[in-house]
>>> print(open('final.cif').read())   # mmCIF, C-alpha atoms
data_model
#
loop_
_atom_site.label_atom_id
_atom_site.label_comp_id
_atom_site.auth_asym_id
_atom_site.auth_seq_id
_atom_site.Cartn_x
_atom_site.Cartn_y
_atom_site.Cartn_z
CA GLY A 20 -16.59 2.78 -1.57
CA ASP A 21 -13.88 4.33 -3.66
CA SER A 22 -13.25 2.64 -6.96
CA VAL A 23 -11.56 2.97 -10.32
CA THR A 24 -12.95 1.70 -13.60
CA GLN A 25 -10.81 1.46 -16.67
CA MET A 26 -11.45 0.10 -20.12
CA GLU A 27 -10.94 -3.59 -20.54
CA GLY A 28 -8.23 -4.83 -22.77
CA PRO A 29 -6.35 -6.15 -24.36
CA VAL A 30 -5.66 -3.26 -26.65
CA THR A 31 -3.60 -3.97 -29.74
CA LEU A 32 -2.21 -1.10 -31.78
CA SER A 33 0.22 -0.65 -34.58
CA GLU A 34 3.37 1.35 -33.94
CA GLU A 35 2.81 5.13 -34.15
CA ALA A 36 -0.93 4.80 -33.55
CA PHE A 37 -2.79 7.04 -31.10
CA LEU A 38 -3.56 5.54 -27.72
CA THR A 39 -6.41 6.27 -25.35
CA ILE A 40 -7.11 4.23 -22.24
CA ASN A 41 -10.21 5.41 -20.44
CA CYS A 42 -10.33 5.68 -16.68
CA THR A 43 -13.12 6.94 -14.44
CA TYR A 44 -13.29 7.00 -10.69
CA THR A 45 -15.66 7.16 -7.76
CA ALA A 46 -14.41 8.72 -4.57
CA THR A 47 -15.89 10.19 -1.42
CA GLY A 48 -13.34 13.00 -1.30
CA TYR A 49 -10.88 14.64 -3.66
CA PRO A 50 -8.34 12.03 -4.63
CA SER A 51 -4.99 12.18 -6.29
CA LEU A 52 -4.97 10.21 -9.52
CA PHE A 53 -2.22 8.05 -10.94
CA TRP A 54 -1.26 5.91 -13.87
CA TYR A 55 1.12 3.04 -13.21
CA VAL A 56 2.77 0.82 -15.79
CA GLN A 57 3.81 -2.80 -15.35
CA TYR A 58 6.20 -4.21 -17.92
CA PRO A 59 6.32 -7.98 -18.38
CA GLY A 60 7.77 -9.72 -15.34
CA GLU A 61 8.31 -6.51 -13.41
CA GLY A 62 6.69 -4.55 -10.61
CA LEU A 63 4.75 -1.34 -10.94
CA GLN A 64 6.27 1.97 -11.92
CA LEU A 65 4.63 5.33 -11.57
CA LEU A 66 3.99 6.75 -15.03
CA LEU A 67 2.30 10.02 -14.16
CA LYS A 68 0.03 11.63 -11.63
CA ALA A 69 -2.25 14.59 -10.97
CA THR A 70 -3.26 15.86 -7.57
CA LYS A 71 -6.08 18.29 -8.30
CA ALA A 72 -8.73 19.10 -10.86
CA ASP A 73 -7.51 20.29 -14.28
CA ASP A 74 -3.94 19.18 -13.54
CA LYS A 75 -2.25 17.40 -16.40
CA GLY A 76 0.26 14.68 -15.67
CA SER A 77 2.77 13.81 -18.37
CA ASN A 78 5.75 11.54 -18.81
CA LYS A 79 7.44 9.70 -21.69
CA GLY A 80 4.92 11.11 -24.17
CA PHE A 81 1.94 9.96 -22.11
CA GLU A 82 -0.58 12.47 -20.78
CA ALA A 83 -3.66 12.42 -18.60
CA THR A 84 -5.81 15.30 -17.37
CA TYR A 85 -7.72 15.26 -14.08
CA ARG A 86 -11.33 16.00 -15.03
CA LYS A 87 -13.43 16.53 -11.95
CA GLU A 88 -16.63 17.22 -13.88
CA THR A 89 -16.49 13.85 -15.60
CA THR A 90 -14.53 12.08 -12.82
CA SER A 91 -12.07 10.88 -15.43
CA PHE A 92 -8.33 10.55 -15.93
CA HIS A 93 -7.92 9.13 -19.42
CA LEU A 94 -4.42 8.16 -20.54
CA GLU A 95 -3.29 9.27 -23.99
CA LYS A 96 -0.23 9.03 -26.17
CA GLY A 97 0.07 10.41 -29.65
CA SER A 98 2.37 7.78 -31.12
CA VAL A 99 2.96 4.48 -29.38
CA GLN A 100 6.06 2.36 -29.69
CA VAL A 101 6.62 -1.37 -29.35
CA SER A 102 8.40 -0.66 -26.07
CA ASP A 103 5.15 0.74 -24.64
CA SER A 104 3.68 -2.76 -24.55
CA ALA A 105 2.73 -3.30 -20.92
CA VAL A 106 -0.19 -3.34 -18.52
CA TYR A 107 -1.43 0.09 -17.46
CA PHE A 108 -3.20 0.67 -14.17
CA CYS A 109 -5.23 3.69 -13.23
CA ALA A 110 -5.33 4.36 -9.50
CA LEU A 111 -6.51 6.84 -6.93
CA ARG A 112 -5.48 7.74 -3.44
CA LEU A 113 -7.34 9.89 -0.95
CA ASP A 114 -5.23 12.39 0.97
CA SER A 115 -1.51 12.34 1.32
CA GLY A 116 -1.23 10.35 4.49
CA ASN A 117 -0.69 6.66 4.93
CA THR A 118 -3.49 5.57 2.66
CA PRO A 119 -3.16 2.85 0.04
CA LEU A 120 -3.79 3.13 -3.65
CA VAL A 121 -7.03 1.83 -5.12
CA PHE A 122 -6.40 0.31 -8.52
CA GLY A 123 -8.41 -0.28 -11.62
CA LYS A 124 -8.24 -3.73 -13.20
CA GLY A 125 -5.50 -2.83 -15.60
CA THR A 126 -5.41 -2.62 -19.38
CA ARG A 127 -2.96 -4.68 -21.35
CA LEU A 128 -1.49 -2.85 -24.33
CA SER A 129 0.29 -4.65 -27.14
CA VAL A 130 2.01 -2.58 -29.80
CA ILE A 131 3.03 -4.36 -32.96
CA ALA A 132 5.62 -3.18 -35.44
CA GLY B 10 15.42 7.57 -6.28
CA ALA B 11 13.72 5.63 -3.57
CA VAL B 12 13.75 1.89 -4.03
CA VAL B 13 11.66 -0.86 -2.55
CA SER B 14 13.07 -4.34 -2.85
CA GLN B 15 11.29 -7.64 -2.48
CA HIS B 16 12.82 -11.05 -1.94
CA PRO B 17 12.48 -13.65 -3.27
CA SER B 18 11.26 -12.64 -6.70
CA ARG B 19 10.10 -16.18 -7.40
CA VAL B 20 9.42 -19.06 -5.07
CA ILE B 21 8.01 -22.52 -5.61
CA CYS B 22 6.92 -24.52 -2.61
CA LYS B 23 5.03 -27.65 -1.73
CA SER B 24 1.51 -27.53 -0.43
CA GLY B 25 1.42 -27.26 3.34
CA THR B 26 4.69 -25.40 3.75
CA SER B 27 5.14 -21.76 4.75
CA VAL B 28 6.81 -19.09 2.66
CA LYS B 29 8.20 -15.75 3.81
CA ILE B 30 8.45 -12.75 1.50
CA GLU B 31 10.50 -9.73 2.50
CA CYS B 32 9.89 -6.13 1.54
CA ARG B 33 12.64 -3.62 2.21
CA SER B 34 12.85 0.10 1.71
CA LEU B 35 16.46 0.60 0.68
CA ASP B 36 17.05 4.30 1.15
CA PHE B 37 14.19 5.60 3.22
CA GLN B 38 12.20 4.73 6.32
CA ALA B 39 8.63 3.59 6.02
CA THR B 40 6.31 3.46 9.01
CA THR B 41 3.66 1.99 6.75
CA MET B 42 3.90 -0.55 3.97
CA PHE B 43 1.11 -2.06 1.91
CA TRP B 44 0.80 -5.61 0.67
CA TYR B 45 -1.10 -6.31 -2.53
CA ARG B 46 -1.99 -9.50 -4.32
CA GLN B 47 -2.34 -9.68 -8.07
CA PHE B 48 -4.23 -12.50 -9.72
CA PRO B 49 -3.56 -13.35 -13.37
CA LYS B 50 -5.05 -10.73 -15.68
CA GLN B 51 -6.58 -8.92 -12.75
CA SER B 52 -5.92 -5.85 -10.71
CA LEU B 53 -3.96 -5.46 -7.52
CA MET B 54 -6.05 -6.17 -4.47
CA LEU B 55 -4.96 -4.63 -1.20
CA MET B 56 -4.42 -7.36 1.36
CA ALA B 57 -3.22 -5.45 4.39
CA THR B 58 -1.55 -2.36 5.72
CA SER B 59 1.62 -3.09 7.63
CA ASN B 60 2.43 -0.72 10.49
CA GLU B 61 5.86 -0.59 12.09
CA GLY B 62 5.75 -1.75 15.67
CA SER B 63 2.08 -2.66 15.69
CA LYS B 64 -0.36 -5.13 14.23
CA ALA B 65 -1.20 -5.08 10.57
CA THR B 66 -4.62 -3.99 9.38
CA TYR B 67 -6.19 -6.57 7.12
CA GLU B 68 -8.75 -5.97 4.41
CA GLN B 69 -12.06 -7.72 4.57
CA GLY B 70 -11.83 -11.30 3.42
CA VAL B 71 -8.09 -11.65 4.02
CA GLU B 72 -7.23 -14.27 6.64
CA LYS B 73 -4.77 -12.78 9.10
CA ASP B 74 -3.75 -16.19 10.37
CA LYS B 75 -3.03 -17.29 6.84
CA PHE B 76 -1.08 -14.22 5.79
CA LEU B 77 1.14 -13.19 8.68
CA ILE B 78 2.61 -9.72 8.44
CA ASN B 79 5.45 -8.48 10.59
CA HIS B 80 6.80 -4.94 10.34
CA ALA B 81 9.65 -5.17 12.81
CA SER B 82 11.68 -2.19 11.64
CA LEU B 83 11.26 1.01 9.66
CA THR B 84 12.80 -0.61 6.60
CA LEU B 85 11.46 -4.15 6.63
CA SER B 86 8.08 -5.79 6.42
CA THR B 87 7.56 -9.51 5.90
CA LEU B 88 4.60 -11.46 4.61
CA THR B 89 4.45 -15.12 5.55
CA VAL B 90 2.02 -17.35 3.72
CA THR B 91 1.35 -20.15 6.19
CA SER B 92 0.37 -23.68 5.19
CA ALA B 93 0.34 -22.63 1.57
CA HIS B 94 -2.07 -24.23 -0.89
CA PRO B 95 -2.26 -24.02 -4.68
CA GLU B 96 -4.96 -21.34 -4.48
CA ASP B 97 -2.41 -19.10 -2.73
CA SER B 98 -0.32 -19.06 -5.89
CA SER B 99 -0.18 -15.46 -6.97
CA PHE B 100 1.95 -12.38 -7.48
CA TYR B 101 2.49 -10.48 -4.24
CA ILE B 102 3.60 -6.86 -4.35
CA CYS B 103 4.52 -4.50 -1.54
CA SER B 104 4.62 -0.75 -1.58
CA ALA B 105 6.00 1.85 0.76
CA ARG B 106 6.25 5.58 1.16
CA ASP B 107 9.01 7.66 2.66
CA SER B 108 7.67 8.64 6.09
CA ALA B 109 9.76 11.81 6.06
CA VAL B 110 7.97 13.17 3.00
CA GLY B 111 4.49 14.49 3.68
CA ALA B 112 2.93 13.74 0.32
CA GLY B 113 5.46 11.31 -0.94
CA GLU B 114 5.09 8.90 -3.79
CA LEU B 115 4.28 5.28 -3.10
CA PHE B 116 7.05 3.04 -4.39
CA PHE B 117 6.49 -0.56 -5.37
CA GLY B 118 8.66 -3.60 -5.02
CA GLU B 119 9.40 -5.82 -7.98
CA GLY B 120 6.87 -8.37 -6.79
CA SER B 121 7.19 -11.96 -5.64
CA ARG B 122 5.63 -14.74 -7.65
CA LEU B 123 4.56 -17.63 -5.47
CA THR B 124 3.75 -21.00 -6.98
CA VAL B 125 2.38 -23.67 -4.66
CA LEU B 126 2.50 -27.19 -6.02
#
>>> encode(input="final.cif", output="structure tokens")
Amino acid sequence: GDSVTQMEGPVTLSEEAFLTINCTYTATGYPSLFWYVQYPGEGLQLLLKATKADDKGSNKGFEATYRKETTSFHLEKGSVQVSDSAVYFCALRLDSGNTPLVFGKGTRLSVIA
Amino acid sequence: GAVVSQHPSRVICKSGTSVKIECRSLDFQATTMFWYRQFPKQSLMLMATSNEGSKATYEQGVEKDKFLINHASLTLSTLTVTSAHPEDSSFYICSARDSAVGAGELFFGEGSRLTVL
């Protein structure tokens, strides 16, 4: 079945460090890809998305590029801040109809000053 | 923007009692809502797809008699955990999409943390 695999955490970085969280997927069709962020005690918020190959999603300094050839959607940020500390989920969804998201296991990021 | 609201955000109950969690779309109509369960330090597992006016579709391994889902209107879905036990303690999250938007974003509620004593 469809699945998402992302690097296991936790990831601990110093402020202003470069962040990469790897995400790869397996899907029977051509999914849309997403990164969601969950801050402590809160629900999920969409961080960025890409709907087709070579699309780049970006938001709040985070970027991810839809790579069909490597079935990847790695999340990157050039300079992390303490406020970026959260759990990050990579997810996919097939088609635009009433289909649910399939999530990776999440990666906890802690940024220390 | 679109908002999905869950209530209650936290609930503590005794073993054997039932708990109802509400999921509301505040400014859009949703013919379909999804219920997820999140275990500590783990991902969100889809429990069921809630369809307005019809029966929910449950994922394999989810007991439909244990987790009752009712989607009585286009803005409200409820999840009732019946005869709750400590192993049902978890974080439950709903999500919904604006039915009027063809490729609309899925919005998530704030989540409901259930603790069964």
>>> interface_residues(input="final.cif", of="chain B", to="chain A", cutoff="7 Å", atoms="only C-alpha atoms", output="PDB file with C-alpha atoms, in the coordinates of the input")
ATOM      1  CA  THR B  41       3.660   1.990   6.750  1.00  0.00           C
ATOM      2  CA  PHE B  43       1.110  -2.060   1.910  1.00  0.00           C
ATOM      3  CA  GLN B  51      -6.580  -8.920 -12.750  1.00  0.00           C
ATOM      4  CA  SER B  52      -5.920  -5.850 -10.710  1.00  0.00           C
ATOM      5  CA  LEU B  53      -3.960  -5.460  -7.520  1.00  0.00           C
ATOM      6  CA  GLY B 111       4.490  14.490   3.680  1.00  0.00           C
ATOM      7  CA  ALA B 112       2.930  13.740   0.320  1.00  0.00           C
ATOM      8  CA  PHE B 117       6.490  -0.560  -5.370  1.00  0.00           C
ATOM      9  CA  GLY B 118       8.660  -3.600  -5.020  1.00  0.00           C
ATOM     10  CA  GLU B 119       9.400  -5.820  -7.980  1.00  0.00           C
ATOM     11  CA  GLY B 120       6.870  -8.370  -6.790  1.00  0.00           C
TER      12      GLY B 120
END
>>> closest_residue(input="final.cif", among="B:Thr26, B:Thr40, B:Gln15, B:Ser86", to="Arg106 in chain B", atoms="all atoms listed in the file")
B:Thr40
>>> resolve_selection(input="final.cif", expression="the PyMOL selection byres ((chain B and resi 25) around 7)", output="ChimeraX atom specification")
/B:23-24,26-27,92-94
>>> residues_around(input="final.cif", residues="Ser14 in chain B", least_positions_apart="6", cutoff="10 Å", atoms="all atoms listed in the file", output="PyMOL selection string")
chain B and resi 31-35+85+102-104+116-120
>>> closest_residue(input="final.cif", among="B:Asp36, B:Leu115, B:Asp107, B:Asp97", to="Phe48 in chain B", atoms="all atoms listed in the file")
B:Asp97
>>> closest_residue(input="final.cif", among="A:Gly97, A:Leu128, A:Arg112, A:Gly80", to="Ala36 in chain A", atoms="all atoms listed in the file")
A:Gly97
>>> resolve_selection(input="final.cif", expression="the PyMOL selection byres ((chain B and resi 99) around 9)", output="mmCIF file with C-alpha atoms, keeping the file's coordinate frame")
data_model
loop_
_atom_site.group_PDB
_atom_site.id
_atom_site.type_symbol
_atom_site.label_atom_id
_atom_site.label_comp_id
_atom_site.auth_asym_id
_atom_site.auth_seq_id
_atom_site.Cartn_x
_atom_site.Cartn_y
_atom_site.Cartn_z
ATOM 1 C CA ARG B 46 -1.990 -9.500 -4.320
ATOM 2 C CA GLN B 47 -2.340 -9.680 -8.070
ATOM 3 C CA PHE B 48 -4.230 -12.500 -9.720
ATOM 4 C CA PRO B 49 -3.560 -13.350 -13.370
ATOM 5 C CA GLU B 96 -4.960 -21.340 -4.480
ATOM 6 C CA ASP B 97 -2.410 -19.100 -2.730
ATOM 7 C CA SER B 98 -0.320 -19.060 -5.890
ATOM 8 C CA PHE B 100 1.950 -12.380 -7.480
ATOM 9 C CA TYR B 101 2.490 -10.480 -4.240
ATOM 10 C CA SER B 121 7.190 -11.960 -5.640
ATOM 11 C CA ARG B 122 5.630 -14.740 -7.650
ATOM 12 C CA LEU B 123 4.560 -17.630 -5.470
ATOM 13 C CA THR B 124 3.750 -21.000 -6.980
ATOM 14 C CA VAL B 125 2.380 -23.670 -4.660
#
>>> resolve_selection(input="final.cif", expression="the PyMOL selection byres ((chain B and resi 76) around 10)", output="ChimeraX atom specification")
/B:27-29,56-57,67,71-75,77-79,87-93,97
>>> write_last_selection(input="final.cif", atoms="C-alpha atoms", output="PDB file, keeping the file's coordinate frame")
ATOM      1  CA  SER B  27       5.140 -21.760   4.750  1.00  0.00           C
ATOM      2  CA  VAL B  28       6.810 -19.090   2.660  1.00  0.00           C
ATOM      3  CA  LYS B  29       8.200 -15.750   3.810  1.00  0.00           C
ATOM      4  CA  MET B  56      -4.420  -7.360   1.360  1.00  0.00           C
ATOM      5  CA  ALA B  57      -3.220  -5.450   4.390  1.00  0.00           C
ATOM      6  CA  TYR B  67      -6.190  -6.570   7.120  1.00  0.00           C
ATOM      7  CA  VAL B  71      -8.090 -11.650   4.020  1.00  0.00           C
ATOM      8  CA  GLU B  72      -7.230 -14.270   6.640  1.00  0.00           C
ATOM      9  CA  LYS B  73      -4.770 -12.780   9.100  1.00  0.00           C
ATOM     10  CA  ASP B  74      -3.750 -16.190  10.370  1.00  0.00           C
ATOM     11  CA  LYS B  75      -3.030 -17.290   6.840  1.00  0.00           C
ATOM     12  CA  LEU B  77       1.140 -13.190   8.680  1.00  0.00           C
ATOM     13  CA  ILE B  78       2.610  -9.720   8.440  1.00  0.00           C
ATOM     14  CA  ASN B  79       5.450  -8.480  10.590  1.00  0.00           C
ATOM     15  CA  THR B  87       7.560  -9.510   5.900  1.00  0.00           C
ATOM     16  CA  LEU B  88       4.600 -11.460   4.610  1.00  0.00           C
ATOM     17  CA  THR B  89       4.450 -15.120   5.550  1.00  0.00           C
ATOM     18  CA  VAL B  90       2.020 -17.350   3.720  1.00  0.00           C
ATOM     19  CA  THR B  91       1.350 -20.150   6.190  1.00  0.00           C
ATOM     20  CA  SER B  92       0.370 -23.680   5.190  1.00  0.00           C
ATOM     21  CA  ALA B  93       0.340 -22.630   1.570  1.00  0.00           C
ATOM     22  CA  ASP B  97      -2.410 -19.100  -2.730  1.00  0.00           C
TER      23      ASP B  97
END
>>> residues_around(input="final.cif", residues="Arg86 in chain A", least_positions_apart="2", cutoff="6 Å", atoms="only C-alpha atoms", output="list in words")
Ala72, Asp73, Glu88, Thr89, Thr90 and Ser91 of chain A
>>> residues_around(input="final.cif", residues="Ser98 in chain A", least_positions_apart="6", cutoff="12 Å", atoms="only C-alpha atoms", output="ChimeraX atom specification")
/A:32-39,79-82,130
>>> atom_distance(input="final.cif", atom1="CA of Ser22 in chain A", atom2="CA of Ser59 in chain B")
21.6 Å
>>> atom_distance(input="final.cif", atom1="CA of Lys71 in chain A", atom2="CA of Ser51 in chain A")
6.5 Å
>>> atom_distance(input="final.cif", atom1="CA of Gly76 in chain A", atom2="CA of Phe53 in chain A")
8.5 Å
>>> residues_around(input="final.cif", residues="Gly62 in chain B", least_positions_apart="2", cutoff="7 Å", atoms="all atoms listed in the file", output="list in words")
Asn60, His80 and Ala81 of chain B
>>> closest_residue(input="final.cif", among="A:Cys42, A:Val99, A:Leu52, A:Leu94", to="Ala132 in chain A", atoms="only C-alpha atoms")
A:Val99
>>> closest_residue(input="final.cif", among="A:Ser129, A:Asn41, A:Thr31, A:Thr84", to="Asp103 in chain A", atoms="only C-alpha atoms")
A:Ser129
